[in-house]
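Trainee: Data file query-v4.cif (mmCIF, C-alpha atoms) is appended below.
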```
data_work
#
loop_
_atom_site.group_PDB
_atom_site.id
_atom_site.type_symbol
_atom_site.label_atom_id
_atom_site.label_comp_id
_atom_site.auth_asym_id
_atom_site.auth_seq_id
_atom_site.Cartn_x
_atom_site.Cartn_y
_atom_site.Cartn_z
ATOM 1 C CA MET Y 254 0.000 0.000 0.000
ATOM 2 C CA LYS Y 255 2.849 2.412 0.831
ATOM 3 C CA LEU Y 256 4.374 1.797 -2.591
ATOM 4 C CA ASN Y 257 1.091 2.647 -4.318
ATOM 5 C CA ILE Y 258 0.679 5.861 -2.326
ATOM 6 C CA LEU Y 259 4.302 6.816 -3.005
ATOM 7 C CA THR Y 260 3.862 6.108 -6.722
ATOM 8 C CA LEU Y 261 0.644 8.126 -6.815
ATOM 9 C CA PHE Y 262 2.283 11.014 -4.945
ATOM 10 C CA THR Y 263 5.259 11.027 -7.324
ATOM 11 C CA ALA Y 264 2.993 10.991 -10.378
ATOM 12 C CA LEU Y 265 0.937 13.819 -8.903
ATOM 13 C CA MET Y 266 4.075 15.892 -8.312
ATOM 14 C CA ILE Y 267 5.170 15.392 -11.935
ATOM 15 C CA VAL Y 268 1.752 16.429 -13.243
ATOM 16 C CA MET Y 269 1.628 19.437 -10.936
ATOM 17 C CA GLY Y 270 5.087 20.504 -12.118
ATOM 18 C CA THR Y 271 3.981 20.309 -15.742
ATOM 19 C CA LEU Y 272 0.774 22.223 -15.073
ATOM 20 C CA SER Y 273 2.633 24.757 -12.962
ATOM 21 C CA SER Y 274 5.054 25.436 -15.811
ATOM 22 C CA PHE Y 275 2.176 25.911 -18.250
ATOM 23 C CA ALA Y 276 0.186 27.953 -15.750
ATOM 24 C CA GLN Y 277 3.069 30.426 -15.786
ATOM 25 C CA ASN Y 278 2.421 30.693 -19.532
ATOM 26 C CA GLN Y 279 5.815 29.370 -20.578
ATOM 27 C CA LEU Y 280 6.020 27.877 -24.034
ATOM 28 C CA PRO Y 281 7.215 24.269 -23.610
ATOM 29 C CA HIS Y 282 10.237 23.126 -25.606
ATOM 30 C CA LYS Y 283 9.310 20.242 -27.899
ATOM 31 C CA ASN Y 284 10.523 18.922 -31.239
ATOM 32 C CA LEU Y 285 8.522 19.410 -34.427
ATOM 33 C CA LYS Y 286 9.234 18.872 -38.130
ATOM 34 C CA ASP Y 287 9.084 21.525 -40.810
ATOM 35 C CA LEU Y 288 7.465 20.783 -44.148
ATOM 36 C CA SER Y 289 10.723 19.449 -45.570
ATOM 37 C CA GLY Y 290 11.053 16.981 -42.665
ATOM 38 C CA LYS Y 291 13.781 18.886 -40.824
ATOM 39 C CA ASP Y 292 13.644 18.852 -37.014
ATOM 40 C CA ILE Y 293 12.947 22.111 -35.221
ATOM 41 C CA ASN Y 294 12.590 22.793 -31.509
ATOM 42 C CA THR Y 295 9.877 25.108 -30.285
ATOM 43 C CA SER Y 296 12.544 26.999 -28.326
ATOM 44 C CA SER Y 297 13.617 28.493 -31.673
ATOM 45 C CA LEU Y 298 10.163 29.961 -32.398
ATOM 46 C CA ASP Y 299 10.835 33.669 -32.313
ATOM 47 C CA ASN Y 300 9.502 36.862 -33.830
ATOM 48 C CA GLY Y 301 11.750 39.478 -32.292
ATOM 49 C CA GLU Y 302 9.703 42.112 -30.501
ATOM 50 C CA SER Y 303 6.456 41.126 -32.226
ATOM 51 C CA PRO Y 304 3.756 38.635 -31.186
ATOM 52 C CA ILE Y 305 3.276 35.087 -32.460
ATOM 53 C CA ILE Y 306 0.018 33.273 -33.136
ATOM 54 C CA ILE Y 307 0.222 29.488 -32.850
ATOM 55 C CA SER Y 308 -2.703 27.577 -34.306
ATOM 56 C CA PHE Y 309 -3.089 23.826 -33.823
ATOM 57 C CA TRP Y 310 -4.943 22.262 -36.763
ATOM 58 C CA ALA Y 311 -5.300 19.120 -38.881
ATOM 59 C CA THR Y 312 -6.060 18.454 -42.539
ATOM 60 C CA TRP Y 313 -9.264 16.622 -41.571
ATOM 61 C CA CYS Y 314 -10.564 19.488 -39.368
ATOM 62 C CA LYS Y 315 -12.897 21.721 -41.400
ATOM 63 C CA PRO Y 316 -13.142 24.497 -38.756
ATOM 64 C CA CYS Y 317 -9.318 24.554 -38.570
ATOM 65 C CA VAL Y 318 -9.012 25.022 -42.313
ATOM 66 C CA LYS Y 319 -11.701 27.722 -42.270
ATOM 67 C CA GLU Y 320 -9.874 29.628 -39.525
ATOM 68 C CA LEU Y 321 -6.466 29.433 -41.198
ATOM 69 C CA THR Y 322 -7.982 30.381 -44.550
ATOM 70 C CA ALA Y 323 -9.748 33.386 -43.003
ATOM 71 C CA ILE Y 324 -6.502 34.519 -41.407
ATOM 72 C CA SER Y 325 -4.656 33.931 -44.673
ATOM 73 C CA GLU Y 326 -6.922 36.430 -46.414
ATOM 74 C CA VAL Y 327 -5.829 39.240 -44.042
ATOM 75 C CA TYR Y 328 -2.427 37.952 -42.978
ATOM 76 C CA GLU Y 329 -0.350 40.325 -45.111
ATOM 77 C CA ASP Y 330 -2.165 43.316 -43.603
ATOM 78 C CA TRP Y 331 -1.722 41.927 -40.093
ATOM 79 C CA VAL Y 332 2.013 41.546 -40.627
ATOM 80 C CA ASP Y 333 2.320 45.060 -42.092
ATOM 81 C CA GLU Y 334 0.363 46.615 -39.218
ATOM 82 C CA THR Y 335 1.643 44.619 -36.223
ATOM 83 C CA GLY Y 336 4.548 42.387 -37.250
ATOM 84 C CA VAL Y 337 2.633 39.343 -35.981
ATOM 85 C CA LYS Y 338 3.748 35.921 -37.173
ATOM 86 C CA VAL Y 339 1.387 32.965 -37.582
ATOM 87 C CA ILE Y 340 2.693 29.464 -36.987
ATOM 88 C CA ALA Y 341 0.371 26.607 -37.861
ATOM 89 C CA ILE Y 342 1.040 23.303 -36.072
ATOM 90 C CA SER Y 343 -0.444 20.279 -37.813
ATOM 91 C CA ILE Y 344 -1.399 17.465 -35.466
ATOM 92 C CA ASP Y 345 -1.934 15.008 -38.309
ATOM 93 C CA ASP Y 346 -0.474 11.687 -37.193
ATOM 94 C CA ALA Y 347 2.510 9.955 -38.802
ATOM 95 C CA ARG Y 348 0.259 8.151 -41.300
ATOM 96 C CA MET Y 349 -1.210 11.424 -42.590
ATOM 97 C CA SER Y 350 1.568 13.965 -41.987
ATOM 98 C CA HIS Y 351 3.115 13.361 -45.412
ATOM 99 C CA LEU Y 352 0.014 15.041 -46.906
ATOM 100 C CA VAL Y 353 0.524 18.304 -45.021
ATOM 101 C CA PRO Y 354 3.075 19.996 -47.346
ATOM 102 C CA SER Y 355 0.944 19.623 -50.480
ATOM 103 C CA TYR Y 356 -2.182 20.547 -48.507
ATOM 104 C CA VAL Y 357 -0.568 23.805 -47.345
ATOM 105 C CA ARG Y 358 0.841 24.643 -50.792
ATOM 106 C CA GLY Y 359 -2.571 24.004 -52.349
ATOM 107 C CA ARG Y 360 -4.131 26.613 -50.097
ATOM 108 C CA GLY Y 361 -1.357 29.150 -50.539
ATOM 109 C CA TRP Y 362 -0.888 29.690 -46.809
ATOM 110 C CA GLU Y 363 2.125 31.897 -46.171
ATOM 111 C CA TYR Y 364 2.543 30.769 -42.577
ATOM 112 C CA ASP Y 365 5.337 28.807 -41.024
ATOM 113 C CA VAL Y 366 3.840 25.318 -40.794
ATOM 114 C CA TYR Y 367 5.216 22.530 -38.636
ATOM 115 C CA VAL Y 368 4.082 18.984 -37.956
ATOM 116 C CA ASP Y 369 3.610 17.545 -34.464
ATOM 117 C CA ALA Y 370 2.944 13.973 -35.614
ATOM 118 C CA ASN Y 371 3.652 12.399 -32.218
ATOM 119 C CA GLY Y 372 1.546 14.998 -30.364
ATOM 120 C CA ASP Y 373 4.211 15.997 -27.827
ATOM 121 C CA PHE Y 374 3.761 19.738 -28.325
ATOM 122 C CA LYS Y 375 -0.027 19.398 -28.444
ATOM 123 C CA ARG Y 376 -0.041 17.575 -25.091
ATOM 124 C CA ALA Y 377 2.431 20.003 -23.539
ATOM 125 C CA MET Y 378 0.156 22.900 -24.517
ATOM 126 C CA ASN Y 379 -2.912 21.073 -23.149
ATOM 127 C CA VAL Y 380 -4.620 21.100 -26.531
ATOM 128 C CA VAL Y 381 -7.677 18.851 -26.487
ATOM 129 C CA ASN Y 382 -9.918 20.255 -29.212
ATOM 130 C CA ILE Y 383 -8.862 21.891 -32.445
ATOM 131 C CA PRO Y 384 -8.607 24.443 -33.757
ATOM 132 C CA HIS Y 385 -6.840 25.752 -30.682
ATOM 133 C CA THR Y 386 -5.150 29.087 -31.168
ATOM 134 C CA PHE Y 387 -2.668 30.800 -28.860
ATOM 135 C CA LEU Y 388 -1.319 34.355 -28.880
ATOM 136 C CA LEU Y 389 2.188 34.760 -27.485
ATOM 137 C CA ASP Y 390 3.880 37.990 -26.480
ATOM 138 C CA LYS Y 391 7.457 38.901 -27.445
ATOM 139 C CA ASP Y 392 8.757 36.811 -24.535
ATOM 140 C CA GLY Y 393 6.949 33.678 -25.719
ATOM 141 C CA LYS Y 394 4.322 33.776 -22.983
ATOM 142 C CA VAL Y 395 0.727 32.854 -23.734
ATOM 143 C CA VAL Y 396 -1.469 35.932 -23.285
ATOM 144 C CA TYR Y 397 -4.644 34.776 -25.050
ATOM 145 C CA GLN Y 398 -6.139 31.574 -26.428
ATOM 146 C CA HIS Y 399 -9.337 30.256 -27.930
ATOM 147 C CA THR Y 400 -10.706 26.990 -29.230
ATOM 148 C CA SER Y 401 -13.131 26.199 -32.017
ATOM 149 C CA TYR Y 402 -13.893 28.565 -34.868
ATOM 150 C CA ALA Y 403 -16.821 30.650 -36.009
ATOM 151 C CA PRO Y 404 -16.663 33.244 -38.780
ATOM 152 C CA GLY Y 405 -15.387 36.487 -37.274
ATOM 153 C CA ASP Y 406 -13.192 34.829 -34.632
ATOM 154 C CA GLU Y 407 -10.163 35.999 -36.610
ATOM 155 C CA GLU Y 408 -11.278 39.612 -36.004
ATOM 156 C CA GLU Y 409 -11.395 39.005 -32.245
ATOM 157 C CA LEU Y 410 -7.945 37.440 -32.438
ATOM 158 C CA TYR Y 411 -6.634 40.454 -34.323
ATOM 159 C CA GLU Y 412 -8.089 42.786 -31.669
ATOM 160 C CA GLU Y 413 -6.083 40.849 -29.082
ATOM 161 C CA VAL Y 414 -2.959 41.223 -31.240
ATOM 162 C CA LEU Y 415 -3.553 44.982 -31.456
ATOM 163 C CA LYS Y 416 -3.991 45.244 -27.674
ATOM 164 C CA LEU Y 417 -0.728 43.382 -27.185
ATOM 165 C CA VAL Y 418 1.168 45.522 -29.697
ATOM 166 C CA GLU Y 419 -0.255 48.722 -28.191
ATOM 167 C CA GLY Y 420 0.750 47.569 -24.705
ATOM 168 C CA LYS Y 421 -2.773 47.314 -23.277
#
```
Represent the structure from my file as structure tokens, please.
Mentor:
Amino acid sequence: MKLNILTLFTALMIVMGTLSSFAQNQLPHKNLKDLSGKDINTSSLDNGESPIIISFWATWCKPCVKELTAISEVYEDWVDETGVKVIAISIDDARMSHLVPSYVRGRGWEYDVYVDANGDFKRAMNVVNIPHTFLLDKDGKVVYQHTSYAPGDEEELYEEVLKLVEGK
């Protein structure tokens, strides 16, 4: 019985440490692949003094595609006005991840797109439902997030970007 309680306590401490790190809004460091298959660590995600939007999506998720397409239509203006960078993280599994590069090219998305085929980054960010979109400040801290997508959500997201850029 003591061993079971000790094991449970240890597991609880590990979980609490993980949640505590995320609760402080720190971006976890996990490995992803770019569209050419090259490894990249999330610690290298940077946009200087400007914010980053990270959107978790999948090729099979229609609301995800709608959100990223809606953002794509205004993305150039967003970059010109705020310097924001969008990073789309595909959670398509290893069986489907090979489809992501052609899928992205076919839609003309100008974002940085990475693949999280093993789901490590998704789990570390506590992503359950997609689309799940995060806004990070210049220090890589999560300052806003939303899940799901309805037309117009991209406008709300942009308002949050503006608030961040204006220091509000």
Trainee: Rounded to one decimal, what separation in Å do you get between atom CA of Y:Arg360 and atom CA of Y:Val418?
Mentor: 28.3 Å
Trainee: Could you tell me which residues the PyMOL selection byres ((chain Y and resi 308) around 9) grabs in this file, written as a ChimeraX atom specification?
Mentor: /Y:306-307,309-310,317,321,339-343,383-388
Trainee: Using the chain letters and numbering of this document, enumerate as number ranges by chain the residues selected by the PyMOL selection byres ((chain Y and resi 277-289) around 7).
Mentor: Y: 273-276, 290-296, 354, 366-369, 373-374, 377, 393-395
Trainee: Restricting the calculation to all atoms listed in the file, which member of Y:Ile305, Y:Ile344, Y:Cys314, Y:Ile324 is positioned closest to Y:Glu409?
Mentor: Y:Ile324
Trainee: Can you measure atom CA of Y:Tyr328 to atom CA of Y:Val353 for me? One decimal in Å is fine.
Mentor: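 Straight-line distance from atom CA of Y:Tyr328 to atom CA of Y:Val353 works out to 20.0 Å.
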Trainee: Give me, as a PyMOL selection string, all polymer residues having an atom no more than 12 Å from stretch 329-338 of chain Y, counting all atoms listed in the file and skipping those fewer than 3 positions away in the same chain.
Mentor: chain Y and resi 298-308+323-326+341+362-366+387-391+407-408+410-420
Trainee: Go through Y:Tyr402, Y:Ala311, Y:Asp392, Y:Thr322 one by one, measure the shortest atom-to-atom distance of each to Y:Gly359 using all atoms listed in the file, and give the residue with the smallest value.
Mentor: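 Closest to Y:Gly359 of all the choices is Y:Thr322.
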Trainee: How far is it from atom CA of Y:Gly405 to atom CA of Y:Arg376, in Å with one decimal?
Mentor: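 A separation of 27.2 Å between them.
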Trainee: Which is closer to Y:Pro316 than all the others in Y:Asn382, Y:Ala347, Y:Val396, Y:Ala370, using all atoms listed in the file?
Mentor: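 Among the listed residues, Y:Asn382 lies closest to Y:Pro316.
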Trainee: For Y:Asp346, which residue among Y:Glu320, Y:Thr312, Y:Met378, Y:Ser401 is the nearest when counting all atoms listed in the file?
Mentor: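 Ranked by minimum distance to Y:Asp346, first place goes to Y:Thr312.
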Trainee: Using 8 Å of padding on each side, determine the axis-aligned box around all atoms of stretch 347-360 of chain Y present in the file and give its centre and edge lengths in Å to one decimal, as lines of an AutoDock Vina configuration file.
Mentor:
```
center_x = -0.5
center_y = 17.4
center_z = -45.6
size_x = 23.2
size_y = 34.5
size_z = 29.5
```
Trainee: Could you check the closest approach to Y:Met349 for each of Y:Tyr397, Y:Ser297, Y:Gly372, Y:Trp313 and tell me which residue wins, using all atoms listed in the file?
Mentor: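 Answer, going by the shortest atom-to-atom distance: Y:Trp313.
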